[in-house]
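Everything below belongs to protein-v9.cif, which stores mmCIF, N, CA and C atoms and all ligand atoms.
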```cif
data_data
#
loop_
_atom_site.label_atom_id
_atom_site.label_comp_id
_atom_site.auth_asym_id
_atom_site.auth_seq_id
_atom_site.Cartn_x
_atom_site.Cartn_y
_atom_site.Cartn_z
N MET A 209 0.85 -1.19 0.00
CA MET A 209 0.00 0.00 0.00
C MET A 209 0.88 1.24 0.00
N LYS A 210 0.73 2.04 -1.05
CA LYS A 210 1.57 3.24 -1.12
C LYS A 210 0.93 4.38 -0.34
N ASN A 211 1.73 5.08 0.45
CA ASN A 211 1.13 6.20 1.16
C ASN A 211 1.86 7.51 0.92
N ARG A 212 2.55 7.58 -0.19
CA ARG A 212 3.16 8.85 -0.62
C ARG A 212 3.18 8.85 -2.13
N ILE A 213 3.14 10.03 -2.71
CA ILE A 213 3.35 10.11 -4.15
C ILE A 213 4.73 10.70 -4.37
N VAL A 214 5.54 10.00 -5.11
CA VAL A 214 6.86 10.52 -5.44
C VAL A 214 6.81 10.90 -6.92
N TRP A 215 7.26 12.11 -7.23
CA TRP A 215 7.21 12.57 -8.60
C TRP A 215 8.08 11.66 -9.48
N SER A 216 7.52 11.25 -10.62
CA SER A 216 8.30 10.42 -11.54
C SER A 216 7.99 10.87 -12.96
N ALA A 217 8.78 10.40 -13.92
CA ALA A 217 8.63 10.82 -15.31
C ALA A 217 7.20 10.57 -15.81
N GLY A 218 6.61 9.47 -15.40
CA GLY A 218 5.26 9.11 -15.84
C GLY A 218 4.21 10.13 -15.45
N LEU A 219 4.53 10.97 -14.48
CA LEU A 219 3.56 11.96 -14.01
C LEU A 219 3.67 13.27 -14.78
N THR A 220 4.71 13.42 -15.58
CA THR A 220 4.89 14.66 -16.34
C THR A 220 4.10 14.59 -17.64
N THR A 221 3.16 15.51 -17.81
CA THR A 221 2.34 15.49 -19.03
C THR A 221 2.97 16.34 -20.13
N GLY A 222 3.77 17.32 -19.73
CA GLY A 222 4.35 18.22 -20.72
C GLY A 222 3.56 19.52 -20.84
N ASN A 223 2.38 19.56 -20.24
CA ASN A 223 1.62 20.82 -20.18
C ASN A 223 2.04 21.50 -18.87
N ARG A 224 2.75 22.60 -18.99
CA ARG A 224 3.38 23.20 -17.81
C ARG A 224 2.39 23.58 -16.71
N ALA A 225 1.28 24.21 -17.11
CA ALA A 225 0.30 24.65 -16.11
C ALA A 225 -0.27 23.44 -15.37
N ILE A 226 -0.61 22.40 -16.13
CA ILE A 226 -1.19 21.20 -15.50
C ILE A 226 -0.16 20.50 -14.62
N ASP A 227 1.07 20.42 -15.10
CA ASP A 227 2.11 19.77 -14.28
C ASP A 227 2.33 20.50 -12.96
N LEU A 228 2.33 21.83 -13.02
CA LEU A 228 2.54 22.60 -11.79
C LEU A 228 1.38 22.38 -10.81
N GLN A 229 0.16 22.31 -11.36
CA GLN A 229 -0.99 22.07 -10.48
C GLN A 229 -0.94 20.65 -9.91
N HIS A 230 -0.50 19.69 -10.72
CA HIS A 230 -0.37 18.32 -10.20
C HIS A 230 0.65 18.27 -9.05
N ALA A 231 1.74 19.02 -9.21
CA ALA A 231 2.76 19.03 -8.15
C ALA A 231 2.16 19.57 -6.86
N GLU A 232 1.31 20.58 -6.98
CA GLU A 232 0.65 21.15 -5.79
C GLU A 232 -0.31 20.13 -5.17
N LEU A 233 -1.07 19.43 -6.03
CA LEU A 233 -2.00 18.40 -5.55
C LEU A 233 -1.26 17.30 -4.80
N ILE A 234 -0.13 16.89 -5.37
CA ILE A 234 0.69 15.84 -4.74
C ILE A 234 1.16 16.31 -3.38
N GLU A 235 1.57 17.57 -3.31
CA GLU A 235 2.03 18.12 -2.04
C GLU A 235 0.89 18.11 -1.00
N LEU A 236 -0.31 18.44 -1.43
CA LEU A 236 -1.45 18.46 -0.50
C LEU A 236 -1.79 17.04 -0.01
N ILE A 237 -1.67 16.05 -0.90
CA ILE A 237 -1.93 14.66 -0.49
C ILE A 237 -0.81 14.18 0.43
N ASN A 238 0.42 14.54 0.10
CA ASN A 238 1.53 14.12 0.95
C ASN A 238 1.46 14.80 2.33
N ALA A 239 0.91 16.00 2.39
CA ALA A 239 0.74 16.66 3.68
C ALA A 239 -0.23 15.86 4.55
N LEU A 240 -1.28 15.36 3.90
CA LEU A 240 -2.25 14.52 4.61
C LEU A 240 -1.57 13.22 5.05
N ALA A 241 -0.71 12.69 4.20
CA ALA A 241 0.01 11.45 4.50
C ALA A 241 0.95 11.64 5.70
N ARG A 242 1.57 12.80 5.77
CA ARG A 242 2.50 13.07 6.88
C ARG A 242 1.79 13.10 8.22
N LEU A 243 0.50 13.43 8.20
CA LEU A 243 -0.28 13.46 9.44
C LEU A 243 -0.31 12.09 10.10
N ILE A 244 -0.31 11.04 9.27
CA ILE A 244 -0.41 9.67 9.80
C ILE A 244 0.67 9.39 10.84
N GLU A 245 1.83 10.00 10.63
CA GLU A 245 2.93 9.74 11.56
C GLU A 245 2.88 10.61 12.82
N THR A 246 1.82 11.38 12.96
CA THR A 246 1.71 12.24 14.15
C THR A 246 0.48 11.81 14.96
N ARG A 247 0.28 12.45 16.10
CA ARG A 247 -0.95 12.18 16.86
C ARG A 247 -2.02 13.13 16.35
N TYR A 248 -2.47 12.85 15.13
CA TYR A 248 -3.35 13.77 14.42
C TYR A 248 -4.76 13.83 15.02
N THR A 249 -5.37 14.97 14.80
CA THR A 249 -6.75 15.17 15.27
C THR A 249 -7.70 15.25 14.07
N ILE A 250 -8.97 15.09 14.35
CA ILE A 250 -10.01 15.22 13.32
C ILE A 250 -9.94 16.60 12.67
N VAL A 251 -9.70 17.62 13.50
CA VAL A 251 -9.64 18.98 12.98
C VAL A 251 -8.52 19.11 11.94
N GLU A 252 -7.39 18.49 12.21
CA GLU A 252 -6.27 18.54 11.26
C GLU A 252 -6.61 17.81 9.95
N ILE A 253 -7.26 16.65 10.09
CA ILE A 253 -7.64 15.90 8.88
C ILE A 253 -8.62 16.72 8.06
N MET A 254 -9.64 17.27 8.73
CA MET A 254 -10.66 18.04 8.02
C MET A 254 -10.04 19.24 7.31
N SER A 255 -9.13 19.90 7.98
CA SER A 255 -8.53 21.08 7.39
C SER A 255 -7.68 20.69 6.17
N ALA A 256 -6.93 19.60 6.28
CA ALA A 256 -6.11 19.14 5.15
C ALA A 256 -7.01 18.67 3.99
N LEU A 257 -8.09 17.98 4.33
CA LEU A 257 -9.01 17.49 3.29
C LEU A 257 -9.70 18.66 2.58
N GLN A 258 -10.04 19.69 3.36
CA GLN A 258 -10.71 20.84 2.76
C GLN A 258 -9.78 21.60 1.83
N GLN A 259 -8.53 21.72 2.25
CA GLN A 259 -7.53 22.38 1.39
C GLN A 259 -7.38 21.60 0.09
N LEU A 260 -7.30 20.28 0.24
CA LEU A 260 -7.15 19.42 -0.93
C LEU A 260 -8.36 19.57 -1.84
N GLU A 261 -9.54 19.53 -1.24
CA GLU A 261 -10.78 19.61 -2.02
C GLU A 261 -10.86 20.92 -2.79
N ARG A 262 -10.49 22.00 -2.14
CA ARG A 262 -10.54 23.32 -2.78
C ARG A 262 -9.61 23.35 -4.00
N TYR A 263 -8.41 22.81 -3.81
CA TYR A 263 -7.45 22.83 -4.92
C TYR A 263 -7.85 21.87 -6.03
N VAL A 264 -8.43 20.74 -5.63
CA VAL A 264 -8.90 19.75 -6.62
C VAL A 264 -9.95 20.41 -7.53
N LEU A 265 -10.88 21.14 -6.95
CA LEU A 265 -11.93 21.79 -7.74
C LEU A 265 -11.33 22.80 -8.72
N PHE A 266 -10.39 23.59 -8.22
CA PHE A 266 -9.70 24.58 -9.06
C PHE A 266 -8.99 23.87 -10.21
N HIS A 267 -8.30 22.79 -9.88
CA HIS A 267 -7.52 22.07 -10.88
C HIS A 267 -8.42 21.39 -11.93
N PHE A 268 -9.50 20.75 -11.47
CA PHE A 268 -10.41 20.09 -12.41
C PHE A 268 -11.01 21.12 -13.36
N ASN A 269 -11.27 22.29 -12.82
CA ASN A 269 -11.78 23.39 -13.62
C ASN A 269 -10.81 23.77 -14.74
N THR A 270 -9.53 23.83 -14.39
CA THR A 270 -8.49 24.14 -15.39
C THR A 270 -8.52 23.11 -16.51
N GLU A 271 -8.55 21.84 -16.12
CA GLU A 271 -8.53 20.78 -17.14
C GLU A 271 -9.82 20.79 -17.96
N GLU A 272 -10.94 21.04 -17.30
CA GLU A 272 -12.22 21.03 -18.03
C GLU A 272 -12.33 22.23 -18.98
N ASN A 273 -11.73 23.35 -18.60
CA ASN A 273 -11.68 24.50 -19.51
C ASN A 273 -10.82 24.18 -20.73
N LEU A 274 -9.72 23.50 -20.47
CA LEU A 274 -8.84 23.10 -21.57
C LEU A 274 -9.61 22.18 -22.53
N MET A 275 -10.39 21.26 -21.96
CA MET A 275 -11.18 20.34 -22.79
C MET A 275 -12.23 21.11 -23.60
N ALA A 276 -12.86 22.09 -22.95
CA ALA A 276 -13.92 22.84 -23.60
C ALA A 276 -13.36 23.68 -24.75
N ASN A 277 -12.09 24.06 -24.62
CA ASN A 277 -11.49 24.93 -25.64
C ASN A 277 -10.71 24.16 -26.69
N SER A 278 -10.77 22.84 -26.65
CA SER A 278 -10.07 22.09 -27.70
C SER A 278 -11.04 21.09 -28.32
N ARG A 279 -10.83 20.80 -29.58
CA ARG A 279 -11.75 19.90 -30.26
C ARG A 279 -11.27 18.46 -30.10
N ILE A 280 -11.34 17.95 -28.90
CA ILE A 280 -10.88 16.57 -28.70
C ILE A 280 -12.09 15.65 -28.56
N SER A 281 -11.82 14.35 -28.63
CA SER A 281 -12.86 13.33 -28.60
C SER A 281 -13.88 13.56 -27.48
N PRO A 282 -15.18 13.68 -27.85
CA PRO A 282 -16.21 13.89 -26.83
C PRO A 282 -16.25 12.73 -25.83
N LEU A 283 -15.85 11.55 -26.29
CA LEU A 283 -15.83 10.39 -25.40
C LEU A 283 -14.78 10.59 -24.30
N HIS A 284 -13.64 11.14 -24.69
CA HIS A 284 -12.62 11.42 -23.68
C HIS A 284 -13.18 12.43 -22.66
N VAL A 285 -13.78 13.48 -23.18
CA VAL A 285 -14.30 14.55 -22.30
C VAL A 285 -15.32 13.96 -21.32
N LEU A 286 -16.23 13.14 -21.86
CA LEU A 286 -17.27 12.54 -21.04
C LEU A 286 -16.68 11.70 -19.90
N ARG A 287 -15.75 10.85 -20.27
CA ARG A 287 -15.13 9.96 -19.27
C ARG A 287 -14.31 10.75 -18.28
N HIS A 288 -13.61 11.75 -18.80
CA HIS A 288 -12.70 12.53 -17.95
C HIS A 288 -13.50 13.33 -16.91
N VAL A 289 -14.54 13.99 -17.38
CA VAL A 289 -15.35 14.81 -16.46
C VAL A 289 -16.04 13.90 -15.43
N ASP A 290 -16.47 12.73 -15.88
CA ASP A 290 -17.07 11.74 -14.98
C ASP A 290 -16.10 11.34 -13.87
N ALA A 291 -14.86 11.09 -14.26
CA ALA A 291 -13.83 10.68 -13.29
C ALA A 291 -13.62 11.80 -12.27
N HIS A 292 -13.60 13.04 -12.75
CA HIS A 292 -13.44 14.18 -11.84
C HIS A 292 -14.59 14.25 -10.85
N GLN A 293 -15.81 14.04 -11.38
CA GLN A 293 -16.98 14.15 -10.49
C GLN A 293 -16.99 13.05 -9.44
N ASP A 294 -16.61 11.83 -9.86
CA ASP A 294 -16.54 10.72 -8.91
C ASP A 294 -15.55 11.01 -7.80
N PHE A 295 -14.41 11.55 -8.19
CA PHE A 295 -13.37 11.83 -7.20
C PHE A 295 -13.83 12.92 -6.22
N SER A 296 -14.46 13.96 -6.74
CA SER A 296 -14.95 15.03 -5.86
C SER A 296 -15.98 14.49 -4.89
N LYS A 297 -16.85 13.61 -5.39
CA LYS A 297 -17.88 13.01 -4.52
C LYS A 297 -17.22 12.16 -3.45
N GLN A 298 -16.17 11.44 -3.84
CA GLN A 298 -15.46 10.58 -2.89
C GLN A 298 -14.87 11.41 -1.75
N ILE A 299 -14.30 12.55 -2.07
CA ILE A 299 -13.73 13.41 -1.02
C ILE A 299 -14.84 13.87 -0.07
N GLU A 300 -15.99 14.23 -0.65
CA GLU A 300 -17.14 14.64 0.18
C GLU A 300 -17.52 13.50 1.13
N THR A 301 -17.57 12.28 0.60
CA THR A 301 -17.93 11.11 1.42
C THR A 301 -16.93 10.92 2.55
N PHE A 302 -15.65 11.07 2.25
CA PHE A 302 -14.63 10.93 3.30
C PHE A 302 -14.88 11.93 4.41
N LYS A 303 -15.19 13.17 4.03
CA LYS A 303 -15.37 14.21 5.04
C LYS A 303 -16.54 13.90 5.99
N LEU A 304 -17.52 13.14 5.47
CA LEU A 304 -18.71 12.84 6.28
C LEU A 304 -18.57 11.53 7.05
N ASP A 305 -17.47 10.81 6.81
CA ASP A 305 -17.30 9.49 7.41
C ASP A 305 -17.13 9.58 8.95
N GLN A 306 -17.95 8.82 9.63
CA GLN A 306 -17.91 8.82 11.10
C GLN A 306 -16.57 8.27 11.63
N ASN A 307 -15.94 7.44 10.83
CA ASN A 307 -14.67 6.83 11.26
C ASN A 307 -13.46 7.45 10.57
N LEU A 308 -13.63 8.72 10.22
CA LEU A 308 -12.59 9.43 9.47
C LEU A 308 -11.21 9.27 10.13
N HIS A 309 -11.17 9.39 11.45
CA HIS A 309 -9.89 9.35 12.15
C HIS A 309 -9.14 8.03 11.94
N SER A 310 -9.85 6.92 12.15
CA SER A 310 -9.16 5.62 12.03
C SER A 310 -8.95 5.23 10.57
N LYS A 311 -9.73 5.85 9.68
CA LYS A 311 -9.60 5.49 8.26
C LYS A 311 -8.54 6.30 7.52
N LEU A 312 -7.89 7.25 8.21
CA LEU A 312 -6.96 8.13 7.49
C LEU A 312 -5.94 7.38 6.62
N PRO A 313 -5.29 6.32 7.14
CA PRO A 313 -4.32 5.62 6.27
C PRO A 313 -4.96 5.07 4.99
N ASP A 314 -6.18 4.54 5.10
CA ASP A 314 -6.87 4.02 3.92
C ASP A 314 -7.23 5.15 2.95
N ILE A 315 -7.64 6.27 3.51
CA ILE A 315 -8.02 7.41 2.67
C ILE A 315 -6.80 7.92 1.90
N VAL A 316 -5.68 8.03 2.61
CA VAL A 316 -4.45 8.48 1.95
C VAL A 316 -4.07 7.50 0.84
N ALA A 317 -4.16 6.20 1.13
CA ALA A 317 -3.81 5.19 0.12
C ALA A 317 -4.70 5.35 -1.11
N TYR A 318 -6.00 5.59 -0.87
CA TYR A 318 -6.93 5.80 -1.99
C TYR A 318 -6.54 7.03 -2.82
N LEU A 319 -6.25 8.13 -2.14
CA LEU A 319 -5.92 9.39 -2.83
C LEU A 319 -4.64 9.23 -3.66
N VAL A 320 -3.65 8.57 -3.06
CA VAL A 320 -2.37 8.35 -3.75
C VAL A 320 -2.60 7.53 -5.01
N GLU A 321 -3.34 6.44 -4.85
CA GLU A 321 -3.62 5.52 -5.95
C GLU A 321 -4.42 6.23 -7.06
N TRP A 322 -5.48 6.91 -6.63
CA TRP A 322 -6.35 7.55 -7.63
C TRP A 322 -5.60 8.61 -8.42
N LEU A 323 -4.91 9.51 -7.69
CA LEU A 323 -4.26 10.61 -8.41
C LEU A 323 -3.15 10.10 -9.32
N SER A 324 -2.34 9.15 -8.83
CA SER A 324 -1.26 8.62 -9.67
C SER A 324 -1.84 8.01 -10.95
N ASN A 325 -2.84 7.16 -10.80
CA ASN A 325 -3.43 6.52 -11.99
C ASN A 325 -4.09 7.53 -12.91
N HIS A 326 -4.80 8.48 -12.32
CA HIS A 326 -5.51 9.47 -13.13
C HIS A 326 -4.53 10.30 -13.96
N ILE A 327 -3.45 10.72 -13.33
CA ILE A 327 -2.46 11.53 -14.07
C ILE A 327 -1.82 10.68 -15.17
N MET A 328 -1.40 9.48 -14.79
CA MET A 328 -0.65 8.66 -15.74
C MET A 328 -1.49 8.19 -16.92
N GLN A 329 -2.79 8.05 -16.72
CA GLN A 329 -3.62 7.59 -17.82
C GLN A 329 -4.45 8.73 -18.42
N THR A 330 -5.44 9.19 -17.67
CA THR A 330 -6.42 10.13 -18.21
C THR A 330 -5.81 11.49 -18.57
N ASP A 331 -5.00 12.05 -17.66
CA ASP A 331 -4.44 13.38 -17.95
C ASP A 331 -3.37 13.31 -19.05
N GLN A 332 -2.60 12.22 -19.04
CA GLN A 332 -1.61 12.05 -20.13
C GLN A 332 -2.34 12.00 -21.47
N GLU A 333 -3.47 11.27 -21.48
CA GLU A 333 -4.25 11.15 -22.71
C GLU A 333 -4.78 12.51 -23.15
N LEU A 334 -5.29 13.28 -22.18
CA LEU A 334 -5.81 14.62 -22.49
C LEU A 334 -4.75 15.49 -23.16
N VAL A 335 -3.58 15.54 -22.55
CA VAL A 335 -2.53 16.40 -23.10
C VAL A 335 -2.08 15.89 -24.48
N ALA A 336 -2.00 14.57 -24.63
CA ALA A 336 -1.61 14.00 -25.93
C ALA A 336 -2.66 14.34 -27.00
N LEU A 337 -3.94 14.25 -26.64
CA LEU A 337 -5.02 14.59 -27.59
C LEU A 337 -4.96 16.06 -27.99
N CYS A 338 -4.71 16.92 -27.02
CA CYS A 338 -4.63 18.35 -27.30
C CYS A 338 -3.46 18.63 -28.23
N ARG A 339 -2.34 17.96 -27.98
CA ARG A 339 -1.14 18.17 -28.79
C ARG A 339 -1.41 17.71 -30.24
N LYS A 340 -2.04 16.55 -30.37
CA LYS A 340 -2.34 15.99 -31.68
C LYS A 340 -3.25 16.95 -32.47
N ASN A 341 -4.19 17.52 -31.73
CA ASN A 341 -5.13 18.46 -32.29
C ASN A 341 -4.46 19.70 -32.85
N MET A 342 -3.45 20.18 -32.11
CA MET A 342 -2.75 21.39 -32.54
C MET A 342 -1.92 21.13 -33.77
N GLU A 343 -1.48 19.87 -33.92
CA GLU A 343 -0.64 19.54 -35.08
C GLU A 343 -1.48 19.41 -36.36
N SER A 344 -2.75 18.98 -36.19
CA SER A 344 -3.56 18.71 -37.39
C SER A 344 -4.23 19.98 -37.90
FE FE B 401 -7.91 15.10 -14.90
#
```
What does this structure look like when you write it as C-alpha cells?
Ligand SMILES: [Fe+2]
Amino acid sequence: MKNRIVWSAGLTTGNRAIDLQHAELIELINALARLIETRYTIVEIMSALQQLERYVLFHFNTEENLMANSRISPLHVLRHVDAHQDFSKQIETFKLDQNLHSKLPDIVAYLVEWLSNHIMQTDQELVALCRKNMES
C-alpha cells in the first residue's frame, strides 16, 4: 500500500500549467500522508481534506476548460469529467465518514492511488489529444 506520491517521469504530461498544479495536488496529499505519523486530530484531517478539495476543484476546472477549448474526442471529455466528479464526490464522502480518524491511512492510500493513476492515464491522454489536435 503506497502512502506517498513521489514525482516520476510518468507523471509529467508536458503541459506546464497542468504539471505545476499536479505538483501542488501531490504536495497536499503528501501533507495529509505526513499526518499519519503524528498524533493527528479530526480537525487537522478536516482542514487538510478541505484544502485538498478546494485545490482539486480549481484544478479540475483548469482541465475542463482546456477540454472545452479544444476539439478533442467527446468520449474522452465525457469519461474525464465523470472521473473528476466521482473523485470530488469521494472526497465529500470521506469528510462525512464517522470513522474518518481511524480510516486516514486508507483514505491516503486511496488518494495516492487515484491521483497517480488518473495523471498517468487520463491526464496524459488529455494532453496527448490536445497536442495531436494542434498539429492537425
Ligand atoms: Fe484530470
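For Ala241 of chain A, the set of protein, DNA and RNA residues having any atom at most 8 Å away, when counting only C-alpha atoms and skipping those fewer than 6 positions along the same chain, is Asn211, Arg212, Pro313 and Val316 of chain A.
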Practice task
Using only C-alpha atoms and all ligand atoms, find each protein or nucleic acid residue lying at most 9 Å from ligand FE 401 (chain B); present the set as a PyMOL selection string.
Solution key: chain A and resi 267-268+271-272+288-289+291-292+323+326-327+330-332+334
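Between Ile234 of chain A and the candidates A:Ala317, A:Val214, A:Ala276, A:Leu337, the tightest atom-to-atom separation, counting only N, CA and C atoms, involves A:Val214.
Considering the residues A:Thr270, A:Ser324, A:Gln258, A:Asn238 and counting only C-alpha atoms, Ile226 of chain A has its shortest atom-to-atom contact with A:Thr270.
Using only N, CA and C atoms, the nearest neighbour of Ile299 of chain A within the list A:Leu257, A:Leu233, A:Ile250, A:Met275 is A:Leu257.
Residue nearest Ser281 of chain A within the list A:Cys338, A:Ile244, A:Lys311, A:Val264: A:Cys338 [criterion: smallest interatomic distance, all atoms listed in the file].
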Exercise for the section: Run DSSP on the backbone and give me the residues of segment 212-331 of chain A it puts in alpha helix (DSSP H), as a VMD selection string. Expected result: chain A and resid 224 to 243 250 to 276 282 to 304 308 to 326
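In this structure, atom CA of Glu300 of chain A sits 27.0 Å away from atom CA of Pro282 of chain A.
Straight-line separation from atom C of Met328 of chain A to atom C of Ala256 of chain A: 24.0 Å.
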Practice task
Mind giving me the straight-line distance from atom CA of Gln293 of chain A to atom CA of Arg224 of chain A in Å, one decimal?
Solution key: 23.5 Å
Kindly provide, as lines of an AutoDock Vina configuration file, the centre and edge lengths (Å, one decimal) of an axis-aligned box around all atoms of segment 307-311 of chain A given in the file, with 6 Å on each side.
```
center_x = -12.2
center_y = 7.3
center_z = 9.8
size_x = 19.4
size_y = 16.2
size_z = 16.6
```
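Minimum atom-to-atom distances from A:Val320, A:Gln298, A:Leu274, A:Gly218 to Ile237 of chain A were compared using all atoms listed in the file, and the lowest value belongs to A:Val320.
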